[in-house]
file run.txt (compact mmCIF, C-alpha atoms)
# COMPACT_ATOMS: atom_id res chain seq x y z
CA MET A 1 -14.17 31.19 -7.58
CA ASN A 2 -10.58 30.48 -8.44
CA ALA A 3 -9.57 26.99 -9.35
CA PRO A 4 -6.79 26.21 -6.83
CA GLN A 5 -9.16 26.96 -3.95
CA THR A 6 -11.70 24.59 -5.45
CA VAL A 7 -9.11 21.84 -5.50
CA ALA A 8 -7.97 22.59 -1.96
CA ALA A 9 -11.55 22.04 -0.79
CA ASP A 10 -11.93 18.99 -3.01
CA ILE A 11 -11.50 16.32 -0.37
CA TRP A 12 -12.20 12.62 -0.66
CA THR A 13 -13.05 10.01 1.93
CA VAL A 14 -12.13 6.36 2.25
CA ALA A 15 -13.46 4.24 5.12
CA GLY A 16 -14.35 7.38 7.06
CA ARG A 17 -10.90 8.96 6.69
CA THR A 18 -10.70 12.22 4.76
CA PHE A 19 -7.80 13.26 2.56
CA SER A 20 -7.10 16.24 0.33
CA SER A 21 -4.31 14.71 -1.77
CA ARG A 22 -5.54 12.27 -4.40
CA LEU A 23 -2.09 10.88 -5.01
CA ILE A 24 -0.95 7.81 -3.09
CA VAL A 25 2.70 6.92 -3.51
CA GLY A 26 4.68 3.78 -2.92
CA THR A 27 7.91 3.62 -0.95
CA GLY A 28 9.73 0.91 -2.90
CA LYS A 29 12.68 1.05 -5.32
CA TYR A 30 14.21 4.32 -4.04
CA LYS A 31 17.97 4.72 -3.88
CA SER A 32 17.82 5.91 -0.29
CA PHE A 33 15.39 6.65 2.51
CA GLU A 34 16.31 10.33 2.15
CA GLU A 35 15.33 10.41 -1.52
CA ASN A 36 12.16 8.51 -0.73
CA ALA A 37 11.15 10.98 1.98
CA ALA A 38 11.90 13.95 -0.29
CA ALA A 39 9.76 12.46 -3.08
CA VAL A 40 6.85 11.83 -0.71
CA GLU A 41 7.11 15.42 0.46
CA ALA A 42 7.18 16.76 -3.11
CA SER A 43 4.24 14.59 -4.14
CA GLY A 44 2.04 16.05 -1.42
CA ALA A 45 0.80 12.51 -0.72
CA GLU A 46 -0.93 11.90 2.59
CA ILE A 47 -0.92 8.12 2.18
CA VAL A 48 2.05 5.88 1.35
CA THR A 49 2.01 2.17 0.66
CA VAL A 50 4.43 -0.01 2.59
CA ALA A 51 5.30 -3.69 2.56
CA VAL A 52 5.55 -6.07 5.51
CA ARG A 53 8.80 -8.00 5.65
CA ARG A 54 11.00 -9.86 8.12
CA VAL A 55 13.30 -7.65 10.18
CA ASN A 56 17.00 -8.31 9.69
CA ILE A 57 17.77 -9.99 12.99
CA ALA A 58 21.47 -10.16 12.10
CA ASP A 59 21.61 -6.33 12.03
CA PRO A 60 18.68 -4.98 14.04
CA SER A 61 20.16 -1.48 14.21
CA GLN A 62 19.65 -0.86 10.47
CA PRO A 63 17.62 2.29 9.75
CA MET A 64 13.91 1.72 9.24
CA LEU A 65 11.42 3.40 6.94
CA THR A 66 9.55 4.77 9.96
CA ASP A 67 12.68 6.75 10.89
CA PHE A 68 12.32 8.75 7.66
CA ILE A 69 8.60 8.86 6.92
CA ASP A 70 6.64 9.51 10.09
CA PRO A 71 3.54 7.28 10.37
CA LYS A 72 2.00 9.92 12.64
CA THR A 73 1.85 12.48 9.81
CA ILE A 74 1.61 10.19 6.75
CA THR A 75 -0.92 7.36 6.69
CA TYR A 76 0.83 4.02 6.16
CA LEU A 77 -1.15 1.71 3.90
CA PRO A 78 0.32 -1.78 4.37
CA ASN A 79 0.17 -3.93 1.25
CA THR A 80 0.31 -7.64 0.54
CA ALA A 81 2.70 -7.39 -2.39
CA GLY A 82 4.30 -10.74 -3.11
CA CYS A 83 1.33 -12.75 -1.82
CA PHE A 84 -0.06 -15.31 -4.25
CA SER A 85 -2.90 -16.70 -2.14
CA ALA A 86 -5.69 -15.36 0.06
CA ASP A 87 -4.21 -17.11 3.09
CA GLU A 88 -0.77 -15.49 2.66
CA ALA A 89 -2.35 -12.08 2.19
CA ILE A 90 -4.53 -12.43 5.29
CA ARG A 91 -1.57 -13.62 7.38
CA THR A 92 0.49 -10.64 6.20
CA LEU A 93 -2.24 -8.12 6.99
CA ARG A 94 -2.88 -9.55 10.46
CA LEU A 95 0.78 -8.80 11.21
CA ALA A 96 0.52 -5.40 9.52
CA ARG A 97 -2.44 -4.50 11.71
CA GLU A 98 -0.44 -5.38 14.80
CA ALA A 99 2.62 -3.46 13.57
CA GLY A 100 0.69 -0.36 12.63
CA GLY A 101 -2.38 -0.51 14.77
CA TRP A 102 -4.94 0.32 12.05
CA ASN A 103 -7.38 -1.52 9.81
CA LEU A 104 -6.98 0.36 6.53
CA VAL A 105 -4.93 -1.90 4.26
CA LYS A 106 -4.16 -2.52 0.61
CA LEU A 107 -4.99 -6.02 -0.53
CA GLU A 108 -3.33 -7.47 -3.58
CA VAL A 109 -3.29 -11.15 -4.35
CA LEU A 110 -1.18 -11.89 -7.37
CA GLY A 111 -1.79 -14.56 -9.97
CA GLU A 112 1.64 -14.93 -11.57
CA ALA A 113 5.07 -13.34 -11.37
CA LYS A 114 5.39 -12.46 -15.04
CA THR A 115 2.41 -10.12 -15.28
CA LEU A 116 1.68 -9.56 -11.57
CA TYR A 117 -1.95 -9.68 -12.63
CA PRO A 118 -4.33 -10.11 -9.71
CA ASP A 119 -5.86 -13.52 -9.01
CA MET A 120 -9.45 -12.33 -8.67
CA ARG A 121 -10.82 -15.54 -7.16
CA GLU A 122 -8.30 -15.36 -4.31
CA THR A 123 -8.66 -11.58 -4.09
CA LEU A 124 -12.41 -11.85 -3.59
CA LYS A 125 -11.98 -14.65 -1.04
CA ALA A 126 -9.43 -12.58 0.89
CA THR A 127 -11.63 -9.47 0.77
CA GLU A 128 -14.54 -11.36 2.34
CA ALA A 129 -12.35 -12.86 5.06
CA LEU A 130 -10.63 -9.57 5.88
CA VAL A 131 -13.90 -7.67 6.16
CA LYS A 132 -15.16 -10.34 8.61
CA GLU A 133 -12.05 -9.68 10.72
CA GLY A 134 -12.72 -5.94 10.80
CA PHE A 135 -10.22 -4.85 8.15
CA GLU A 136 -10.96 -2.06 5.69
CA PRO A 137 -9.34 -3.30 2.49
CA MET A 138 -8.57 -1.11 -0.51
CA VAL A 139 -8.31 -3.72 -3.22
CA TYR A 140 -5.99 -3.96 -6.22
CA CYS A 141 -7.93 -5.62 -9.03
CA VAL A 142 -8.35 -6.17 -12.73
CA ASP A 143 -10.01 -3.42 -14.75
CA ASP A 144 -13.24 -5.39 -14.90
CA PRO A 145 -16.48 -3.58 -13.97
CA ILE A 146 -18.14 -6.80 -12.77
CA ALA A 147 -15.19 -7.83 -10.58
CA ALA A 148 -15.23 -4.30 -9.18
CA LYS A 149 -18.91 -4.64 -8.22
CA GLN A 150 -18.26 -8.02 -6.60
CA LEU A 151 -15.43 -6.55 -4.53
CA GLU A 152 -17.60 -3.66 -3.43
CA GLN A 153 -20.35 -6.10 -2.39
CA ALA A 154 -17.75 -8.06 -0.44
CA GLY A 155 -16.89 -4.94 1.54
CA ALA A 156 -13.89 -3.40 -0.26
CA VAL A 157 -13.59 0.22 0.90
CA ALA A 158 -11.91 1.25 -2.37
CA ILE A 159 -11.58 -0.34 -5.78
CA MET A 160 -8.10 -0.07 -7.29
CA PRO A 161 -7.97 -1.35 -10.87
CA LEU A 162 -4.67 -1.58 -12.69
CA GLY A 163 -4.08 0.79 -15.59
CA ALA A 164 -1.36 -1.52 -16.91
CA PRO A 165 0.88 -4.18 -15.31
CA ILE A 166 2.65 -3.20 -12.07
CA GLY A 167 5.95 -1.44 -12.74
CA SER A 168 5.39 -1.36 -16.52
CA GLY A 169 4.82 2.39 -16.94
CA LEU A 170 2.64 1.68 -19.97
CA GLY A 171 -0.12 4.08 -18.98
CA ILE A 172 -3.89 3.55 -18.86
CA GLN A 173 -4.51 0.76 -21.37
CA ASN A 174 -8.29 0.61 -21.21
CA ARG A 175 -10.02 3.90 -20.59
CA VAL A 176 -13.42 2.36 -21.27
CA THR A 177 -13.24 -0.17 -18.44
CA ILE A 178 -11.79 2.35 -15.99
CA ARG A 179 -14.67 4.73 -16.80
CA LEU A 180 -17.23 1.92 -16.42
CA ILE A 181 -15.79 1.01 -13.01
CA VAL A 182 -15.91 4.67 -11.91
CA GLU A 183 -19.51 5.02 -13.08
CA GLY A 184 -20.63 1.84 -11.33
CA ALA A 185 -18.84 2.26 -8.01
CA ASN A 186 -20.18 3.63 -4.72
CA VAL A 187 -16.73 3.55 -3.10
CA PRO A 188 -13.60 5.43 -4.21
CA VAL A 189 -11.88 4.17 -7.36
CA LEU A 190 -8.14 4.65 -7.71
CA VAL A 191 -5.97 3.56 -10.60
CA ASP A 192 -3.25 1.43 -9.03
CA ALA A 193 -0.34 0.44 -11.24
CA GLY A 194 0.64 1.22 -14.80
CA VAL A 195 1.24 4.96 -14.60
CA GLY A 196 4.50 5.90 -16.33
CA THR A 197 4.45 9.66 -16.57
CA ALA A 198 2.40 12.69 -15.60
CA SER A 199 -0.06 12.53 -18.50
CA ASP A 200 -1.04 8.98 -17.47
CA ALA A 201 -2.01 10.23 -14.02
CA ALA A 202 -3.98 13.07 -15.58
CA VAL A 203 -5.83 10.58 -17.81
CA ALA A 204 -6.85 8.52 -14.78
CA MET A 205 -8.20 11.60 -13.04
CA GLU A 206 -9.96 12.88 -16.18
CA LEU A 207 -11.80 9.55 -16.30
CA GLY A 208 -13.25 10.42 -12.91
CA CYS A 209 -11.08 8.33 -10.64
CA ASP A 210 -10.92 9.48 -7.03
CA GLY A 211 -7.17 9.07 -6.97
CA VAL A 212 -4.07 7.42 -8.37
CA LEU A 213 -1.56 5.13 -6.70
CA MET A 214 1.94 4.86 -8.13
CA ASN A 215 5.44 3.88 -7.15
CA THR A 216 7.82 3.07 -10.01
CA ALA A 217 6.91 6.10 -12.13
CA ILE A 218 8.36 8.32 -9.42
CA ALA A 219 11.04 6.05 -7.96
CA GLU A 220 12.60 5.16 -11.34
CA ALA A 221 12.51 8.66 -12.81
CA LYS A 222 16.01 10.15 -13.20
CA ASP A 223 14.90 12.89 -10.83
CA PRO A 224 12.30 11.27 -8.56
CA VAL A 225 11.63 14.45 -6.57
CA MET A 226 10.84 16.47 -9.70
CA MET A 227 8.66 13.66 -11.04
CA ALA A 228 6.81 13.56 -7.72
CA ARG A 229 6.07 17.24 -8.15
CA ALA A 230 4.94 16.61 -11.75
CA MET A 231 2.59 13.85 -10.57
CA LYS A 232 1.10 16.13 -7.94
CA SER A 233 0.35 18.72 -10.62
CA ALA A 234 -0.96 16.10 -13.05
CA VAL A 235 -3.37 14.61 -10.52
CA GLU A 236 -4.65 18.08 -9.66
CA ALA A 237 -4.90 19.09 -13.33
CA GLY A 238 -6.72 15.90 -14.27
CA ARG A 239 -9.09 16.29 -11.36
CA MET A 240 -9.90 19.91 -12.27
CA ALA A 241 -10.40 18.93 -15.92
CA TYR A 242 -12.83 16.21 -14.84
CA LEU A 243 -14.75 18.56 -12.54
CA SER A 244 -14.84 21.36 -15.11
CA GLY A 245 -16.57 19.14 -17.69
CA ARG A 246 -14.55 18.90 -20.86
CA MET A 247 -15.77 20.10 -24.25
CA GLY A 248 -17.48 17.72 -26.61
CA LYS A 249 -15.47 16.12 -29.39
CA ARG A 250 -16.11 17.04 -33.05
CA ARG A 251 -15.14 15.14 -36.12
CA TYR A 252 -13.93 18.25 -37.92
CA ALA A 253 -12.55 21.73 -37.21
CA ASP A 254 -14.50 24.54 -35.63
CA PRO A 255 -12.83 27.96 -35.84
CA SER A 256 -12.19 29.82 -32.63
CA SER A 257 -12.11 33.26 -34.29
CA PRO A 258 -15.38 34.76 -35.57
CA LEU A 259 -16.21 34.26 -39.23
CA ALA A 260 -18.15 37.53 -39.31
CA GLY A 261 -16.23 40.70 -40.15
CA LEU A 262 -13.55 38.98 -42.21
CA ILE A 263 -11.79 41.44 -44.49
CA MET B 1 25.49 -15.83 34.68
CA THR B 2 26.35 -19.23 36.16
CA GLU B 3 27.87 -22.04 34.19
CA THR B 4 24.66 -24.05 34.49
CA ALA B 5 22.49 -21.25 33.13
CA GLN B 6 24.75 -20.83 30.11
CA LYS B 7 24.48 -24.49 29.23
CA VAL B 8 20.72 -24.74 29.48
CA THR B 9 19.16 -23.28 26.38
CA ILE B 10 16.08 -23.92 24.35
CA SER B 11 15.92 -23.86 20.61
CA ILE B 12 13.53 -21.59 18.72
CA SER B 13 13.22 -20.39 15.15
CA VAL B 14 13.20 -16.67 14.39
CA ASN B 15 12.54 -15.57 10.81
CA GLY B 16 13.57 -18.99 9.58
CA GLU B 17 16.82 -19.18 11.58
CA VAL B 18 17.28 -21.52 14.50
CA ARG B 19 18.50 -19.70 17.62
CA PRO B 20 19.37 -20.94 21.06
CA VAL B 21 17.86 -18.80 23.82
CA ARG B 22 17.73 -19.09 27.56
CA PRO B 23 14.54 -20.54 29.00
CA GLY B 24 12.05 -18.41 30.89
CA MET B 25 12.06 -15.52 28.42
CA SER B 26 9.05 -13.46 27.51
CA ILE B 27 8.64 -12.15 23.98
CA ALA B 28 9.66 -8.72 25.25
CA ASP B 29 12.89 -10.28 26.61
CA MET B 30 13.53 -12.01 23.30
CA LEU B 31 13.11 -8.76 21.33
CA GLU B 32 15.45 -6.99 23.72
CA ALA B 33 18.02 -9.77 23.35
CA ILE B 34 17.88 -9.44 19.56
CA GLY B 35 18.08 -5.65 19.84
CA LEU B 36 14.66 -4.73 18.44
CA ASN B 37 12.34 -1.94 19.48
CA PRO B 38 9.02 -3.67 20.31
CA ARG B 39 7.08 -0.61 19.13
CA LYS B 40 8.41 -0.97 15.59
CA VAL B 41 7.75 -4.66 14.96
CA ALA B 42 4.97 -7.22 14.90
CA VAL B 43 5.45 -10.76 16.13
CA GLU B 44 3.85 -13.99 15.03
CA GLN B 45 4.31 -17.03 17.28
CA ASN B 46 3.49 -20.38 15.66
CA LEU B 47 1.32 -18.62 13.04
CA GLU B 48 -0.64 -16.61 15.62
CA VAL B 49 -0.16 -12.85 15.90
CA VAL B 50 0.92 -11.85 19.40
CA PRO B 51 -0.69 -8.56 20.51
CA ARG B 52 2.00 -6.03 21.40
CA SER B 53 0.31 -5.37 24.74
CA THR B 54 1.07 -8.96 25.79
CA PHE B 55 4.78 -9.08 24.81
CA GLY B 56 5.74 -8.92 28.50
CA GLU B 57 3.58 -11.89 29.48
CA VAL B 58 3.74 -14.36 26.58
CA MET B 59 6.57 -16.80 27.14
CA VAL B 60 8.99 -18.27 24.64
CA SER B 61 8.89 -22.07 24.53
CA GLU B 62 11.10 -24.78 23.05
CA GLY B 63 10.38 -25.26 19.35
CA ASP B 64 8.47 -21.98 18.91
CA ARG B 65 8.54 -20.53 15.43
CA PHE B 66 8.59 -16.74 15.35
CA GLU B 67 8.19 -14.30 12.52
CA ILE B 68 9.23 -10.76 13.40
CA VAL B 69 8.25 -8.22 10.76
CA HIS B 70 8.24 -4.48 10.19
CA PHE B 71 7.25 -2.02 7.50
CA VAL B 72 9.63 -1.61 4.58
CA GLY B 73 9.40 0.31 1.33
CA GLY B 74 6.85 -1.12 -1.07
CA GLY B 75 4.35 -0.23 -3.74

call {"tool": "encode", "arguments": {"input": "run.txt", "output": "structure tokens"}}
result
Amino acid sequence: MNAPQTVAADIWTVAGRTFSSRLIVGTGKYKSFEENAAAVEASGAEIVTVAVRRVNIADPSQPMLTDFIDPKTITYLPNTAGCFSADEAIRTLRLAREAGGWNLVKLEVLGEAKTLYPDMRETLKATEALVKEGFEPMVYCVDDPIAAKQLEQAGAVAIMPLGAPIGSGLGIQNRVTIRLIVEGANVPVLVDAGVGTASDAAVAMELGCDGVLMNTAIAEAKDPVMMARAMKSAVEAGRMAYLSGRMGKRRYADPSSPLAGLI
Amino acid sequence: MTETAQKVTISISVNGEVRPVRPGMSIADMLEAIGLNPRKVAVEQNLEVVPRSTFGEVMVSEGDRFEIVHFVGGG
């Protein structure tokens, strides 16, 4: 069996929806809609995150994201970025559901502007309320295995721990907690936030995550389209490495060439 | 439009801005007047989401506060 075919068949499912790409990309911070659309295409992503904001009523003819990235072919995952309370997040997602017509959403309730760390008390409260209203929330959270379990019990359809602060590009800071979350979860786990370059995405996938969500790492690269391609490869490489079962680690060297027959 | 009709307006708030509009408008009429495609936006009227299927029937009243949103780039 050759490896690329294995990956092509390596689908994952969230809230009953099946995807083959394990890379979710954001649509913020791009220089233009054209560049954004080209990066999404190069990334192979089937899901993009979007924000919900007021329309510009002074200039209603301005181009819209939906004119460049077709919600019929790419799944829009509306987020609650910028919300600092459960109530704000719920209000935002009720509007998002009406705008998009679907229940799959990304919940993030932030605790403070400096770190953009999630407020887990509000996040849990919002998750419970959203599930009661029929939403299917994928939830941005701290890299805490207990918080992850609580979110899953509350009905989160995916657990999305941060690898590092949003937009920081610092990479996966705590591999132990990400692995513990993956091992304890019965819903998909995706690292959301903190990825800076391709190797960070590969690390997340090697830890057994079901996917990776990123925005800034692609959007702020000097060549976003090439970075999108790199991230696609990294997610696939990391996934294959995880599935293939890596070698054990040794404390010292072990020669690869036979010792027998030395001249 | 007659002189009387031009004078009689009601005041509503749309995305935080106060706007005079003519009375007797539905939400669909309001969106058309602003120049928005109803299929691309969601509307909240006094903190309640208005289902798109009812845009033609729900009326705009004096003092209503509207939020009209759409999807923009985000992470």

call {"tool": "atom_distance", "arguments": {"input": "run.txt", "atom1": "CA of Met205 (chain A)", "atom2": "CA of Val235 (chain A)"}}
result
6.2 Å

call {"tool": "residues_around", "arguments": {"input": "run.txt", "residues": "Thr18 (chain A)", "least_positions_apart": "3", "cutoff": "12 Å", "atoms": "all atoms listed in the file", "output": "MDAnalysis selection string"}}
result
chainID A and resid 9:15 21:22 46:47 75 188

call {"tool": "interface_residues", "arguments": {"input": "run.txt", "of": "chain A", "to": "chain B", "cutoff": "7 Å", "atoms": "all atoms listed in the file", "output": "PyMOL selection string"}}
result
chain A and resi 26-28+49-55+57+60+65+94-95+98-99+215

call {"tool": "closest_residue", "arguments": {"input": "run.txt", "among": "A:Gly111, A:Gly194, A:Gly163, A:Pro137", "to": "Ile181 (chain A)", "atoms": "only C-alpha atoms"}}
result
A:Gly163

call {"tool": "residues_around", "arguments": {"input": "run.txt", "residues": "Ser11 (chain B)", "least_positions_apart": "2", "cutoff": "10 Å", "atoms": "all atoms listed in the file", "output": "MDAnalysis selection string"}}
result
chainID B and resid 9 13:14 18:23 60:65

call {"tool": "atom_distance", "arguments": {"input": "run.txt", "atom1": "CA of Thr197 (chain A)", "atom2": "CA of Gly171 (chain A)"}}
result
7.6 Å

call {"tool": "residues_around", "arguments": {"input": "run.txt", "residues": "Met138 (chain A)", "least_positions_apart": "4", "cutoff": "10 Å", "atoms": "only C-alpha atoms", "output": "CSV table (one decimal) with C-alpha atoms, in the coordinates of the input"}}
result
chain,number,residue,atom,x,y,z
A,14,VAL,CA,-12.1,6.4,2.2
A,15,ALA,CA,-13.5,4.2,5.1
A,77,LEU,CA,-1.2,1.7,3.9
A,79,ASN,CA,0.2,-3.9,1.2
A,104,LEU,CA,-7.0,0.4,6.5
A,105,VAL,CA,-4.9,-1.9,4.3
A,106,LYS,CA,-4.2,-2.5,0.6
A,107,LEU,CA,-5.0,-6.0,-0.5
A,108,GLU,CA,-3.3,-7.5,-3.6
A,127,THR,CA,-11.6,-9.5,0.8
A,151,LEU,CA,-15.4,-6.6,-4.5
A,152,GLU,CA,-17.6,-3.7,-3.4
A,155,GLY,CA,-16.9,-4.9,1.5
A,156,ALA,CA,-13.9,-3.4,-0.3
A,157,VAL,CA,-13.6,0.2,0.9
A,158,ALA,CA,-11.9,1.2,-2.4
A,159,ILE,CA,-11.6,-0.3,-5.8
A,160,MET,CA,-8.1,-0.1,-7.3
A,187,VAL,CA,-16.7,3.6,-3.1
A,188,PRO,CA,-13.6,5.4,-4.2
A,189,VAL,CA,-11.9,4.2,-7.4
A,190,LEU,CA,-8.1,4.6,-7.7

call {"tool": "atom_distance", "arguments": {"input": "run.txt", "atom1": "CA of Met226 (chain A)", "atom2": "CA of Gln173 (chain A)"}}
result
24.9 Å

call {"tool": "residues_around", "arguments": {"input": "run.txt", "residues": "Leu110 (chain A)", "least_positions_apart": "5", "cutoff": "10 Å", "atoms": "only C-alpha atoms", "output": "ChimeraX atom specification"}}
result
/A:80-86,89,115-120,122-123,140-141

call {"tool": "closest_residue", "arguments": {"input": "run.txt", "among": "A:Ile166, A:Val109, A:Val203, A:Ala185", "to": "Arg121 (chain A)", "atoms": "only C-alpha atoms"}}
result
A:Val109

call {"tool": "residues_near_point", "arguments": {"input": "run.txt", "point": "(7.7, 1.9, -13.5)", "cutoff": "7 Å", "atoms": "all atoms listed in the file", "output": "MDAnalysis selection string"}}
result
chainID A and resid 167:169 196 216:217 220

call {"tool": "closest_residue", "arguments": {"input": "run.txt", "among": "A:Ala148, A:Val195, A:Ala113, A:Val176", "to": "Ala234 (chain A)", "atoms": "only C-alpha atoms"}}
result
A:Val195

call {"tool": "residues_near_point", "arguments": {"input": "run.txt", "point": "(7.3, -12.2, 27.4)", "cutoff": "6 Å", "atoms": "only C-alpha atoms", "output": "CSV table (one decimal) with C-alpha atoms, keeping the file's coordinate frame"}}
result
chain,number,residue,atom,x,y,z
B,25,MET,CA,12.1,-15.5,28.4
B,26,SER,CA,9.0,-13.5,27.5
B,27,ILE,CA,8.6,-12.2,24.0
B,28,ALA,CA,9.7,-8.7,25.2
B,29,ASP,CA,12.9,-10.3,26.6
B,55,PHE,CA,4.8,-9.1,24.8
B,56,GLY,CA,5.7,-8.9,28.5
B,57,GLU,CA,3.6,-11.9,29.5
B,58,VAL,CA,3.7,-14.4,26.6
B,59,MET,CA,6.6,-16.8,27.1
